[in-house]
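Engineer: Got a structure for you, questions after.
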Amino acid sequence: MEEGFVLKKRRIYFFCAVLTLLVLFLSVLIFFMNFQDRENELEKVYDNINQMYGGSICIKLAEDKSYLRVDTNPNDEPEYYNEKNICLLEDVCSMLGFPDTVFAELTASGASDGRRVYKYNGVTVTWRSDINFGIEALFTMD
């Protein structure tokens with residue numbers, strides 16, 4: 001009778017060990033799938049923006065996809081303003097999930113504010129704004 005009890009106990013331990021390994025494996029798999037999606041998020045935004053705007057010289061995705069750069073005055077023309085480029089920047093902020101206040105700060109800041117940084121939900125935007133250079137924003141994944 002005691003031998004049967006030990007055998008049942010071993011089966012339970014074996015089942016728990018296999019179940020634990022399975023849960024661990026699935027957790028790691030899900031983590032890496034989410035990480036890969038985060039890496040591709042900048043590329044997805046870049047592709048969506050290019051599709052919406054028919055391509056634009058004011059947006060650039062790094063070759064290694066490590067950053068997305070938006071420059072509302074890509075030719076650095078003095079006092080240049082293009083509403084389409086501002087809308088493009090707003091769409092990038094929206095697609096990356098930033099609250100509306102971030103875009104408001106992007107457009108309200110000036111040269112005297114220097115370089116600004118905002119982090120939200122695993123994404124960092126660094127920007128500067130100047131009447132002669134427009135808004136230059138750099139988006140990176142944390």
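Ordering of the structure tokens sets the chain letters (A, B, ...), residue numbers begin anew at 1 in every chain, and ligands are numbered from 1 in the order given.
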If we count only C-alpha atoms and set the cut-off at 12 Å, which residues sit around segment 52-60 of chain A, ignoring sequence neighbours fewer than 2 positions away in its own chain? Please answer as a count of residues only.

Structural biologist: 39

Engineer: List every residue of segment 10-127 of chain A that DSSP, applied to the backbone, labels as alpha helix (DSSP H), and write the result as a count of residues only.

Structural biologist: 66

Engineer: Could you tell me how far atom CA of Ala108 of chain A sits from atom CA of Val125 of chain A, in Å to one decimal place?

Structural biologist: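 Here the two named atoms are 15.1 Å from each other.
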
Engineer: Any chance you could list, as a PyMOL selection string, the residues in segment 28-137 of chain A that come up strand (DSSP E) when DSSP is run on the backbone?

Structural biologist: chain A and resi 59-61+67-71+116-120+123-130+134-137

Engineer: Do a neighbour search on Asp142 of chain A at 12 Å with only C-alpha atoms, toss out local chain neighbours closer than 6 positions, and write the hits as a CSV table (one decimal) with N, CA, C and O atoms, in the first residue's frame.

Structural biologist:
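As a result, out-v2.csv now contains:
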```
chain,number,residue,atom,x,y,z
A,35,PHE,N,8.7,41.6,-27.3
A,35,PHE,CA,9.9,42.3,-27.5
A,35,PHE,C,10.1,42.6,-29.0
A,35,PHE,O,10.4,43.7,-29.4
A,38,ARG,N,7.8,45.2,-30.3
A,38,ARG,CA,8.2,46.5,-29.9
A,38,ARG,C,9.3,47.1,-30.8
A,38,ARG,O,9.3,48.2,-31.1
A,39,GLU,N,10.2,46.2,-31.2
A,39,GLU,CA,11.3,46.6,-32.0
A,39,GLU,C,10.8,47.0,-33.4
A,39,GLU,O,11.3,48.0,-34.0
A,41,GLU,N,7.9,48.3,-34.0
A,41,GLU,CA,6.9,49.3,-33.9
A,41,GLU,C,7.3,50.6,-34.6
A,41,GLU,O,6.4,51.2,-35.3
A,42,LEU,N,8.5,51.0,-34.6
A,42,LEU,CA,9.0,52.2,-35.3
A,42,LEU,C,8.8,52.0,-36.8
A,42,LEU,O,8.4,52.9,-37.6
A,66,SER,N,16.6,51.5,-35.3
A,66,SER,CA,16.8,51.9,-33.9
A,66,SER,C,16.1,53.2,-33.5
A,66,SER,O,15.9,53.5,-32.4
A,67,TYR,N,15.8,54.0,-34.5
A,67,TYR,CA,15.2,55.3,-34.3
A,67,TYR,C,14.3,55.8,-35.5
A,67,TYR,O,14.6,55.3,-36.6
A,118,TYR,N,10.8,63.3,-23.5
A,118,TYR,CA,9.6,62.8,-22.9
A,118,TYR,C,9.6,61.3,-23.1
A,118,TYR,O,9.8,60.8,-24.2
A,119,LYS,N,9.3,60.5,-22.0
A,119,LYS,CA,9.3,59.1,-22.1
A,119,LYS,C,7.9,58.6,-21.7
A,119,LYS,O,7.3,59.1,-20.8
A,120,TYR,N,7.4,57.7,-22.5
A,120,TYR,CA,6.0,57.2,-22.3
A,120,TYR,C,5.8,55.8,-22.8
A,120,TYR,O,6.1,55.6,-24.0
A,121,ASN,N,5.5,54.9,-22.0
A,121,ASN,CA,5.1,53.5,-22.4
A,121,ASN,C,6.2,52.9,-23.2
A,121,ASN,O,5.9,52.3,-24.3
A,122,GLY,N,7.4,53.0,-22.8
A,122,GLY,CA,8.5,52.3,-23.5
A,122,GLY,C,9.1,53.1,-24.8
A,122,GLY,O,9.9,52.5,-25.5
A,123,VAL,N,8.6,54.3,-25.0
A,123,VAL,CA,9.0,55.1,-26.2
A,123,VAL,C,9.6,56.4,-25.6
A,123,VAL,O,8.9,57.0,-24.8
A,124,THR,N,10.7,56.8,-26.2
A,124,THR,CA,11.3,58.1,-25.8
A,124,THR,C,11.3,59.0,-27.0
A,124,THR,O,11.7,58.6,-28.1
A,125,VAL,N,10.8,60.3,-26.8
A,125,VAL,CA,11.0,61.3,-27.9
A,125,VAL,C,11.9,62.4,-27.3
A,125,VAL,O,11.7,62.9,-26.2
```

Engineer: Any idea what the distance is between atom CA of Pro78 of chain A and atom CA of Leu96 of chain A?

Structural biologist: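 Rounded to one decimal, the two atoms are 29.4 Å apart.
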
Engineer: Which of these residues is nearest to Tyr80 of chain A, using only C-alpha atoms: A:Asn132, A:Gln51, A:Ile12, A:Gly110?

Structural biologist: A:Asn132
